[in-house]
file structure.txt (compact mmCIF, C-alpha atoms)
# COMPACT_ATOMS: atom_id res chain seq x y z
CA MET C 1 0.00 0.00 0.00
CA ASN C 2 1.02 3.61 -0.51
CA ILE C 3 1.19 5.76 2.60
CA THR C 4 1.77 9.53 2.47
CA CYS C 5 3.04 11.36 5.58
CA VAL C 6 1.96 15.01 5.54
CA CYS C 7 3.49 17.97 7.36
CA GLY C 8 3.48 21.70 6.81
CA MET C 9 6.62 21.86 4.72
CA GLY C 10 7.34 18.29 3.68
CA ILE C 11 10.96 18.19 4.87
CA GLY C 12 11.05 18.00 8.66
CA THR C 13 8.32 16.44 10.70
CA SER C 14 6.96 14.34 7.83
CA MET C 15 10.40 12.88 7.24
CA LEU C 16 10.75 11.90 10.89
CA LEU C 17 7.23 10.47 10.76
CA LYS C 18 8.05 8.52 7.58
CA MET C 19 10.92 6.74 9.32
CA ASN C 20 8.74 5.65 12.20
CA VAL C 21 5.85 4.68 9.89
CA GLU C 22 8.25 2.45 7.97
CA GLN C 23 9.33 0.84 11.22
CA ALA C 24 5.71 0.37 12.36
CA ALA C 25 4.65 -1.05 8.97
CA SER C 26 7.51 -3.51 8.99
CA SER C 27 6.73 -4.77 12.47
CA LEU C 28 3.10 -5.23 11.40
CA GLY C 29 4.24 -7.09 8.29
CA LEU C 30 2.65 -4.49 6.01
CA ASP C 31 4.07 -4.03 2.54
CA ALA C 32 4.14 -0.25 2.54
CA GLU C 33 5.66 2.38 0.28
CA VAL C 34 5.94 5.51 2.42
CA SER C 35 6.33 9.01 0.96
CA THR C 36 6.20 12.55 2.33
CA ALA C 37 4.27 15.62 1.19
CA ASP C 38 3.76 19.16 2.40
CA ILE C 39 0.27 20.35 3.16
CA GLY C 40 0.19 22.43 -0.04
CA THR C 41 0.71 19.47 -2.36
CA ALA C 42 -0.87 16.83 -0.10
CA LYS C 43 -4.24 17.00 -1.79
CA GLY C 44 -2.73 16.04 -5.12
CA ALA C 45 -0.39 13.46 -3.60
CA ALA C 46 -3.29 11.96 -1.67
CA GLN C 47 -4.98 10.82 -4.86
CA SER C 48 -2.37 8.13 -5.37
CA ALA C 49 -2.11 7.19 -1.69
CA ASP C 50 -4.06 4.50 0.14
CA LEU C 51 -3.59 6.20 3.47
CA ILE C 52 -2.53 9.61 4.76
CA ILE C 53 -0.83 9.96 8.14
CA THR C 54 -0.57 13.40 9.73
CA SER C 55 -1.12 15.44 12.88
CA ALA C 56 -4.51 16.50 14.21
CA GLU C 57 -3.91 20.15 13.20
CA LEU C 58 -3.12 19.32 9.60
CA ALA C 59 -5.86 16.68 9.31
CA GLU C 60 -8.32 19.53 9.78
CA GLU C 61 -6.91 21.20 6.66
CA LEU C 62 -7.30 18.00 4.62
CA THR C 63 -11.06 17.68 4.71
CA GLY C 64 -12.97 16.54 1.65
CA LEU C 65 -10.51 13.84 0.55
CA SER C 66 -11.66 10.29 -0.17
CA THR C 67 -8.32 8.88 1.08
CA PRO C 68 -8.52 7.71 4.70
CA ILE C 69 -6.54 9.83 7.17
CA ALA C 70 -4.82 8.46 10.27
CA VAL C 71 -4.05 11.05 12.94
CA VAL C 72 -0.92 10.61 15.04
CA HIS C 73 -0.28 12.77 18.11
CA ASN C 74 3.21 11.59 18.97
CA PHE C 75 5.30 11.21 15.81
CA THR C 76 8.02 9.45 17.77
CA ASP C 77 5.79 6.80 19.35
CA VAL C 78 6.04 3.76 17.07
CA SER C 79 3.38 1.88 19.05
CA GLU C 80 0.87 4.72 18.52
CA ILE C 81 1.66 4.67 14.79
CA GLU C 82 1.24 0.88 14.73
CA ALA C 83 -2.17 1.22 16.37
CA ALA C 84 -3.20 3.88 13.83
CA LEU C 85 -2.03 1.70 10.94
CA LYS C 86 -3.88 -1.32 12.31
CA GLU C 87 -7.09 0.63 12.70
CA LYS C 88 -6.98 1.95 9.13
CA THR C 89 -5.80 -1.19 7.37
CA GLN C 90 -7.98 -3.87 8.92
CA MET R 1 25.88 16.16 -2.11
CA ALA R 2 27.60 15.84 1.22
CA VAL R 3 26.03 13.64 3.83
CA LEU R 4 25.55 15.58 7.00
CA THR R 5 26.99 14.17 10.22
CA LEU R 6 25.76 15.03 13.68
CA SER R 7 28.85 17.07 14.46
CA THR R 8 28.49 19.26 11.37
CA ALA R 9 24.69 19.42 11.67
CA LEU R 10 24.74 20.26 15.39
CA PRO R 11 27.98 22.06 16.30
CA ASP R 12 28.40 23.40 19.84
CA THR R 13 27.50 26.91 18.64
CA SER R 14 24.03 25.70 17.62
CA PHE R 15 23.00 24.78 21.18
CA ARG R 16 21.10 26.87 23.73
CA LEU R 17 20.92 24.51 26.72
CA ASP R 18 18.95 25.36 29.85
CA VAL R 19 17.81 28.81 28.79
CA GLU R 20 14.61 30.77 29.43
CA ALA R 21 11.94 31.66 26.89
CA ALA R 22 8.93 33.91 27.50
CA ASP R 23 6.64 32.11 25.05
CA TRP R 24 6.72 29.86 21.96
CA ARG R 25 7.79 32.67 19.63
CA ASP R 26 10.68 33.46 21.93
CA ALA R 27 11.59 29.77 22.00
CA LEU R 28 11.66 29.67 18.19
CA ARG R 29 13.85 32.79 18.18
CA LEU R 30 16.35 30.93 20.36
CA ALA R 31 16.30 28.03 17.89
CA GLY R 32 16.85 30.60 15.12
CA GLU R 33 19.78 32.12 17.05
CA GLY R 34 21.48 28.72 17.10
CA LEU R 35 21.06 28.38 13.33
CA ILE R 36 22.43 31.90 12.78
CA ALA R 37 25.37 31.37 15.17
CA SER R 38 26.51 28.26 13.32
CA GLY R 39 26.17 29.89 9.90
CA VAL R 40 23.19 27.80 8.81
CA ALA R 41 20.56 30.49 8.27
CA THR R 42 19.90 34.22 8.30
CA PRO R 43 17.54 35.98 10.74
CA THR R 44 14.85 35.89 8.03
CA TYR R 45 14.62 32.13 8.49
CA THR R 46 13.65 32.60 12.14
CA GLU R 47 10.69 34.69 11.02
CA GLU R 48 9.80 31.99 8.47
CA MET R 49 9.74 29.34 11.21
CA ILE R 50 7.42 31.51 13.30
CA ALA R 51 5.20 32.21 10.28
CA ALA R 52 4.88 28.46 9.61
CA VAL R 53 3.34 27.94 13.07
CA GLU R 54 1.12 30.99 12.67
CA GLU R 55 -0.15 29.56 9.38
CA HIS R 56 -0.51 25.86 10.17
CA GLY R 57 -0.77 25.70 13.94
CA PRO R 58 1.53 23.95 16.40
CA TYR R 59 1.92 20.76 14.34
CA ILE R 60 5.70 21.09 14.81
CA VAL R 61 5.21 19.86 18.38
CA ILE R 62 5.62 16.26 17.25
CA ALA R 63 6.03 14.55 20.61
CA PRO R 64 5.33 15.31 24.27
CA GLY R 65 7.62 18.18 25.22
CA LEU R 66 9.38 18.41 21.88
CA ALA R 67 9.06 20.68 18.83
CA LEU R 68 10.82 20.33 15.50
CA ALA R 69 10.86 23.91 14.27
CA HIS R 70 11.44 24.47 10.58
CA SER R 71 10.28 26.18 7.44
CA ARG R 72 10.85 25.22 3.83
CA PRO R 73 14.12 25.58 1.89
CA SER R 74 14.54 29.30 1.08
CA PRO R 75 17.23 31.89 0.31
CA ALA R 76 17.45 32.40 4.10
CA VAL R 77 18.95 28.92 4.42
CA LEU R 78 22.72 29.10 3.86
CA ARG R 79 23.37 25.38 4.36
CA THR R 80 21.59 22.42 5.89
CA GLY R 81 21.89 22.27 9.65
CA MET R 82 20.14 22.16 12.98
CA SER R 83 20.01 23.81 16.38
CA TRP R 84 18.87 22.62 19.78
CA VAL R 85 17.16 24.61 22.55
CA ARG R 86 16.49 23.11 25.98
CA LEU R 87 14.36 25.34 28.19
CA VAL R 88 14.55 25.59 31.96
CA HIS R 89 10.83 26.32 32.04
CA PRO R 90 8.85 24.63 29.24
CA VAL R 91 6.44 26.82 27.23
CA ASP R 92 3.04 26.13 25.66
CA PHE R 93 2.51 26.05 21.89
CA GLY R 94 -1.22 25.33 22.06
CA SER R 95 -0.56 21.66 21.29
CA PRO R 96 -1.80 18.48 23.02
CA ASN R 97 1.92 17.72 23.49
CA ASP R 98 2.49 20.87 25.62
CA PRO R 99 4.46 22.03 27.49
CA VAL R 100 7.57 22.01 25.29
CA ARG R 101 11.07 21.75 26.76
CA HIS R 102 13.09 20.89 23.62
CA ILE R 103 12.97 22.92 20.41
CA ILE R 104 15.03 21.52 17.55
CA GLY R 105 15.57 24.00 14.75
CA LEU R 106 15.98 22.56 11.26
CA ALA R 107 17.03 24.45 8.15
CA ALA R 108 17.40 22.41 4.98
CA LYS R 109 18.69 23.20 1.51
CA GLY R 110 16.88 20.18 0.10
CA GLU R 111 15.08 17.01 1.07
CA GLN R 112 17.86 14.44 1.31
CA GLU R 113 20.96 15.84 2.98
CA HIS R 114 19.67 15.64 6.53
CA LEU R 115 18.17 12.14 6.27
CA ASP R 116 20.87 10.46 8.38
CA VAL R 117 20.61 13.06 11.12
CA MET R 118 16.82 12.80 11.15
CA ALA R 119 17.11 9.01 11.36
CA ALA R 120 19.37 9.34 14.42
CA LEU R 121 16.90 11.78 15.93
CA ALA R 122 13.95 9.46 15.24
CA ARG R 123 15.79 6.55 16.89
CA ALA R 124 16.71 8.50 20.01
CA LEU R 125 13.24 10.01 20.42
CA SER R 126 11.41 6.70 20.05
CA ASP R 127 13.57 5.09 22.75
CA PRO R 128 12.13 6.09 26.16
CA VAL R 129 15.52 5.82 27.89
CA SER R 130 17.30 8.10 25.41
CA ARG R 131 14.30 10.41 25.38
CA SER R 132 14.46 10.97 29.13
CA GLU R 133 18.25 11.41 29.00
CA LEU R 134 17.75 14.33 26.60
CA ASP R 135 16.26 16.24 29.52
CA ARG R 136 19.47 16.07 31.53
CA VAL R 137 22.60 15.46 29.44
CA PRO R 138 25.03 18.20 30.48
CA THR R 139 26.76 19.23 27.24
CA PRO R 140 26.22 19.44 23.47
CA ALA R 141 28.77 16.64 23.01
CA ALA R 142 26.86 14.40 25.41
CA LEU R 143 23.62 15.14 23.60
CA ARG R 144 25.19 14.28 20.24
CA ALA R 145 26.58 11.06 21.72
CA LEU R 146 23.08 10.17 22.88
CA LEU R 147 21.72 10.66 19.36
CA ASP R 148 24.45 8.58 17.84
CA PRO R 149 26.28 6.31 20.32
CA ASP R 150 28.57 4.97 17.56
CA SER R 151 30.10 8.33 16.70
CA THR R 152 31.11 9.50 20.18
CA ASN R 153 34.77 9.89 19.20
CA THR R 154 34.22 11.93 16.07
CA THR R 155 31.64 14.20 17.68
CA THR R 156 33.89 15.17 20.54
CA GLU R 157 36.92 15.99 18.43
CA THR R 158 35.09 18.36 16.05
CA SER R 159 33.66 20.48 18.79
CA THR R 160 33.00 23.60 16.73
CA GLY R 161 31.81 21.75 13.66
CA LEU R 162 33.01 24.61 11.48
CA GLU R 163 36.33 23.16 10.31
CA GLU R 164 34.91 21.82 7.07
CA GLU R 165 33.51 25.15 5.95

call {"tool": "encode", "arguments": {"input": "structure.txt", "output": "structure tokens"}}
result
Amino acid sequence: MNITCVCGMGIGTSMLLKMNVEQAASSLGLDAEVSTADIGTAKGAAQSADLIITSAELAEELTGLSTPIAVVHNFTDVSEIEAALKEKTQ
Amino acid sequence: MAVLTLSTALPDTSFRLDVEAADWRDALRLAGEGLIASGVATPTYTEEMIAAVEEHGPYIVIAPGLALAHSRPSPAVLRTGMSWVRLVHPVDFGSPNDPVRHIIGLAAKGEQEHLDVMAALARALSDPVSRSELDRVPTPAALRALLDPDSTNTTTETSTGLEEE
């Protein structure tokens, strides 16, 4: 599956999130391709993604998309990311 | 493209450990000071980091007590690098992860150069033991060693991080 991590600028927080999403996906045995996008281009990038992962603040800016959105509060908590992935992929 | 190491990304001059900030804007200015002091960014970049939070909210507070302050690559970024602020008294950003003690400043020229440093950061922050040590390590060198235990020797010998400029 394709997962897009979204942050405001696409270079900082989303990159850190991507690394932990990859770790969470691998421990769940998910075959995931993880990319990053900034909030400005996220709506376009989301069309090719199966799942978007982002913060609560930015999720509010991404309304109206058909792609499911998983909200993560602690980008460094791999177990929280695993739980979010499980919820959205099962 | 050079791969950034912790010692060049986070030289001693980029740290503001155990300082005071009046509010979140002040805290971001301290992170900006560290980037300016190590030759990574101009004062304009500090304003860009503040504007990013004003525009998108406190999403940069990515973990309890920790913010990763940044804006996008711009002419105000002179080279890729980071700064680290540890506050005596944590401040609120208006985030569920408040209050914030650590503010990491990030200025990037592109998307790839800082990958290794971000990976080290991600590892240290997701390990509860390392995470709690970040609150009390005494020096920049000790903090770098915590982020990358394998490079303790190289991080201590390049204490200014400016030799390669």

call {"tool": "atom_distance", "arguments": {"input": "structure.txt", "atom1": "CA of Gly105 (chain R)", "atom2": "CA of Pro58 (chain R)"}}
result
14.1 Å

call {"tool": "closest_residue", "arguments": {"input": "structure.txt", "among": "R:Trp84, R:Tyr59, R:Trp24, R:Tyr45", "to": "chain C", "atoms": "all atoms listed in the file"}}
result
R:Tyr59

call {"tool": "atom_distance", "arguments": {"input": "structure.txt", "atom1": "CA of Ser83 (chain R)", "atom2": "CA of Phe15 (chain R)"}}
result
5.7 Å

call {"tool": "interface_residues", "arguments": {"input": "structure.txt", "of": "chain R", "to": "chain C", "cutoff": "9 Å", "atoms": "all atoms listed in the file", "output": "PyMOL selection string"}}
result
chain R and resi 52-53+56-64+68-73+95-97+106-108+110-112+115+118-119+121-123+125-127

call {"tool": "atom_distance", "arguments": {"input": "structure.txt", "atom1": "CA of Pro140 (chain R)", "atom2": "CA of Asp26 (chain R)"}}
result
21.0 Å

call {"tool": "residues_around", "arguments": {"input": "structure.txt", "residues": "Leu147 (chain R)", "least_positions_apart": "2", "cutoff": "8 Å", "atoms": "only C-alpha atoms", "output": "PyMOL selection string"}}
result
chain R and resi 120-121+123-124+130+143-145+149

call {"tool": "closest_residue", "arguments": {"input": "structure.txt", "among": "C:Leu85, C:Leu65, C:Leu28, C:Ile3", "to": "Lys43 (chain C)", "atoms": "only C-alpha atoms"}}
result
C:Leu65

call {"tool": "closest_residue", "arguments": {"input": "structure.txt", "among": "R:Arg101, R:Lys109, R:His89, R:Arg79", "to": "Thr8 (chain R)", "atoms": "all atoms listed in the file"}}
result
R:Arg79

call {"tool": "closest_residue", "arguments": {"input": "structure.txt", "among": "R:Ser7, R:Val85, R:Phe93, R:Arg136", "to": "Val19 (chain R)", "atoms": "all atoms listed in the file"}}
result
R:Val85

call {"tool": "closest_residue", "arguments": {"input": "structure.txt", "among": "C:Ala46, C:Val6, C:Val71, C:Met1", "to": "Ala25 (chain C)", "atoms": "all atoms listed in the file"}}
result
C:Met1

call {"tool": "residues_around", "arguments": {"input": "structure.txt", "residues": "Ile52 (chain C)", "least_positions_apart": "4", "cutoff": "6 Å", "atoms": "all atoms listed in the file", "output": "list in words"}}
result
Ile3, Thr4, Cys5 and Ile69 of chain C

call {"tool": "closest_residue", "arguments": {"input": "structure.txt", "among": "R:Ala142, R:Pro75, R:Ala21, R:Ala37", "to": "Val100 (chain R)", "atoms": "all atoms listed in the file"}}
result
R:Ala21

call {"tool": "residues_around", "arguments": {"input": "structure.txt", "residues": "Leu10 (chain R)", "least_positions_apart": "4", "cutoff": "7 Å", "atoms": "all atoms listed in the file", "output": "MDAnalysis selection string"}}
result
chainID R and resid 6 14 81:83

call {"tool": "build_atoms", "arguments": {"input": "structure.txt", "residues": "region 69-91 of chain R", "atoms": "N, CA, C and O atoms", "output": "PDB file, in the coordinates of the input"}}
result
ATOM      1  N   ALA R  69      11.164  22.653  14.955  1.00  0.00           N
ATOM      2  CA  ALA R  69      10.860  23.910  14.270  1.00  0.00           C
ATOM      3  C   ALA R  69      11.564  23.962  12.929  1.00  0.00           C
ATOM      4  O   ALA R  69      12.744  23.639  12.826  1.00  0.00           O
ATOM      5  N   HIS R  70      10.824  24.341  11.885  1.00  0.00           N
ATOM      6  CA  HIS R  70      11.440  24.470  10.580  1.00  0.00           C
ATOM      7  C   HIS R  70      10.513  25.226   9.641  1.00  0.00           C
ATOM      8  O   HIS R  70       9.329  25.370   9.905  1.00  0.00           O
ATOM      9  N   SER R  71      11.085  25.686   8.539  1.00  0.00           N
ATOM     10  CA  SER R  71      10.280  26.180   7.440  1.00  0.00           C
ATOM     11  C   SER R  71      10.773  25.440   6.201  1.00  0.00           C
ATOM     12  O   SER R  71      11.487  24.440   6.331  1.00  0.00           O
ATOM     13  N   ARG R  72      10.397  25.933   5.026  1.00  0.00           N
ATOM     14  CA  ARG R  72      10.850  25.220   3.830  1.00  0.00           C
ATOM     15  C   ARG R  72      12.193  25.782   3.353  1.00  0.00           C
ATOM     16  O   ARG R  72      12.621  26.846   3.806  1.00  0.00           O
ATOM     17  N   PRO R  73      12.877  25.045   2.455  1.00  0.00           N
ATOM     18  CA  PRO R  73      14.120  25.580   1.890  1.00  0.00           C
ATOM     19  C   PRO R  73      13.862  26.965   1.288  1.00  0.00           C
ATOM     20  O   PRO R  73      12.862  27.158   0.603  1.00  0.00           O
ATOM     21  N   SER R  74      14.736  27.941   1.584  1.00  0.00           N
ATOM     22  CA  SER R  74      14.540  29.300   1.080  1.00  0.00           C
ATOM     23  C   SER R  74      15.900  29.978   0.994  1.00  0.00           C
ATOM     24  O   SER R  74      16.901  29.439   1.462  1.00  0.00           O
ATOM     25  N   PRO R  75      15.946  31.165   0.383  1.00  0.00           N
ATOM     26  CA  PRO R  75      17.230  31.890   0.310  1.00  0.00           C
ATOM     27  C   PRO R  75      17.808  32.190   1.695  1.00  0.00           C
ATOM     28  O   PRO R  75      19.012  32.444   1.825  1.00  0.00           O
ATOM     29  N   ALA R  76      16.964  32.149   2.743  1.00  0.00           N
ATOM     30  CA  ALA R  76      17.450  32.400   4.100  1.00  0.00           C
ATOM     31  C   ALA R  76      18.209  31.214   4.683  1.00  0.00           C
ATOM     32  O   ALA R  76      18.829  31.325   5.739  1.00  0.00           O
ATOM     33  N   VAL R  77      18.174  30.092   3.986  1.00  0.00           N
ATOM     34  CA  VAL R  77      18.950  28.920   4.420  1.00  0.00           C
ATOM     35  C   VAL R  77      20.286  28.920   3.690  1.00  0.00           C
ATOM     36  O   VAL R  77      20.336  28.848   2.467  1.00  0.00           O
ATOM     37  N   LEU R  78      21.387  29.022   4.462  1.00  0.00           N
ATOM     38  CA  LEU R  78      22.720  29.100   3.860  1.00  0.00           C
ATOM     39  C   LEU R  78      23.284  27.707   3.625  1.00  0.00           C
ATOM     40  O   LEU R  78      23.987  27.454   2.663  1.00  0.00           O
ATOM     41  N   ARG R  79      23.014  26.794   4.538  1.00  0.00           N
ATOM     42  CA  ARG R  79      23.370  25.380   4.360  1.00  0.00           C
ATOM     43  C   ARG R  79      22.479  24.574   5.281  1.00  0.00           C
ATOM     44  O   ARG R  79      21.840  25.131   6.178  1.00  0.00           O
ATOM     45  N   THR R  80      22.442  23.264   5.062  1.00  0.00           N
ATOM     46  CA  THR R  80      21.590  22.420   5.890  1.00  0.00           C
ATOM     47  C   THR R  80      22.205  22.252   7.275  1.00  0.00           C
ATOM     48  O   THR R  80      23.400  21.993   7.404  1.00  0.00           O
ATOM     49  N   GLY R  81      21.388  22.435   8.293  1.00  0.00           N
ATOM     50  CA  GLY R  81      21.890  22.270   9.650  1.00  0.00           C
ATOM     51  C   GLY R  81      20.764  22.356  10.663  1.00  0.00           C
ATOM     52  O   GLY R  81      19.599  22.577  10.305  1.00  0.00           O
ATOM     53  N   MET R  82      21.141  22.180  11.931  1.00  0.00           N
ATOM     54  CA  MET R  82      20.140  22.160  12.980  1.00  0.00           C
ATOM     55  C   MET R  82      20.601  22.954  14.200  1.00  0.00           C
ATOM     56  O   MET R  82      21.766  23.336  14.301  1.00  0.00           O
ATOM     57  N   SER R  83      19.672  23.197  15.097  1.00  0.00           N
ATOM     58  CA  SER R  83      20.010  23.810  16.380  1.00  0.00           C
ATOM     59  C   SER R  83      19.179  23.118  17.447  1.00  0.00           C
ATOM     60  O   SER R  83      18.217  22.418  17.127  1.00  0.00           O
ATOM     61  N   TRP R  84      19.590  23.309  18.714  1.00  0.00           N
ATOM     62  CA  TRP R  84      18.870  22.620  19.780  1.00  0.00           C
ATOM     63  C   TRP R  84      18.710  23.561  20.978  1.00  0.00           C
ATOM     64  O   TRP R  84      19.694  24.086  21.488  1.00  0.00           O
ATOM     65  N   VAL R  85      17.471  23.779  21.382  1.00  0.00           N
ATOM     66  CA  VAL R  85      17.160  24.610  22.550  1.00  0.00           C
ATOM     67  C   VAL R  85      16.564  23.707  23.627  1.00  0.00           C
ATOM     68  O   VAL R  85      15.638  22.934  23.352  1.00  0.00           O
ATOM     69  N   ARG R  86      17.107  23.790  24.846  1.00  0.00           N
ATOM     70  CA  ARG R  86      16.490  23.110  25.980  1.00  0.00           C
ATOM     71  C   ARG R  86      16.129  24.173  27.011  1.00  0.00           C
ATOM     72  O   ARG R  86      16.998  24.897  27.494  1.00  0.00           O
ATOM     73  N   LEU R  87      14.839  24.278  27.310  1.00  0.00           N
ATOM     74  CA  LEU R  87      14.360  25.340  28.190  1.00  0.00           C
ATOM     75  C   LEU R  87      14.353  24.902  29.652  1.00  0.00           C
ATOM     76  O   LEU R  87      14.049  23.743  29.965  1.00  0.00           O
ATOM     77  N   VAL R  88      14.668  25.851  30.522  1.00  0.00           N
ATOM     78  CA  VAL R  88      14.550  25.590  31.960  1.00  0.00           C
ATOM     79  C   VAL R  88      13.069  25.435  32.317  1.00  0.00           C
ATOM     80  O   VAL R  88      12.682  24.511  33.028  1.00  0.00           O
ATOM     81  N   HIS R  89      12.269  26.371  31.803  1.00  0.00           N
ATOM     82  CA  HIS R  89      10.830  26.320  32.040  1.00  0.00           C
ATOM     83  C   HIS R  89      10.109  26.114  30.705  1.00  0.00           C
ATOM     84  O   HIS R  89      10.101  27.023  29.867  1.00  0.00           O
ATOM     85  N   PRO R  90       9.527  24.923  30.510  1.00  0.00           N
ATOM     86  CA  PRO R  90       8.850  24.630  29.240  1.00  0.00           C
ATOM     87  C   PRO R  90       7.741  25.639  28.939  1.00  0.00           C
ATOM     88  O   PRO R  90       7.145  26.215  29.862  1.00  0.00           O
ATOM     89  N   VAL R  91       7.487  25.866  27.647  1.00  0.00           N
ATOM     90  CA  VAL R  91       6.440  26.820  27.230  1.00  0.00           C
ATOM     91  C   VAL R  91       5.340  26.082  26.454  1.00  0.00           C
ATOM     92  O   VAL R  91       5.550  24.994  25.926  1.00  0.00           O
TER      93      VAL R  91
END
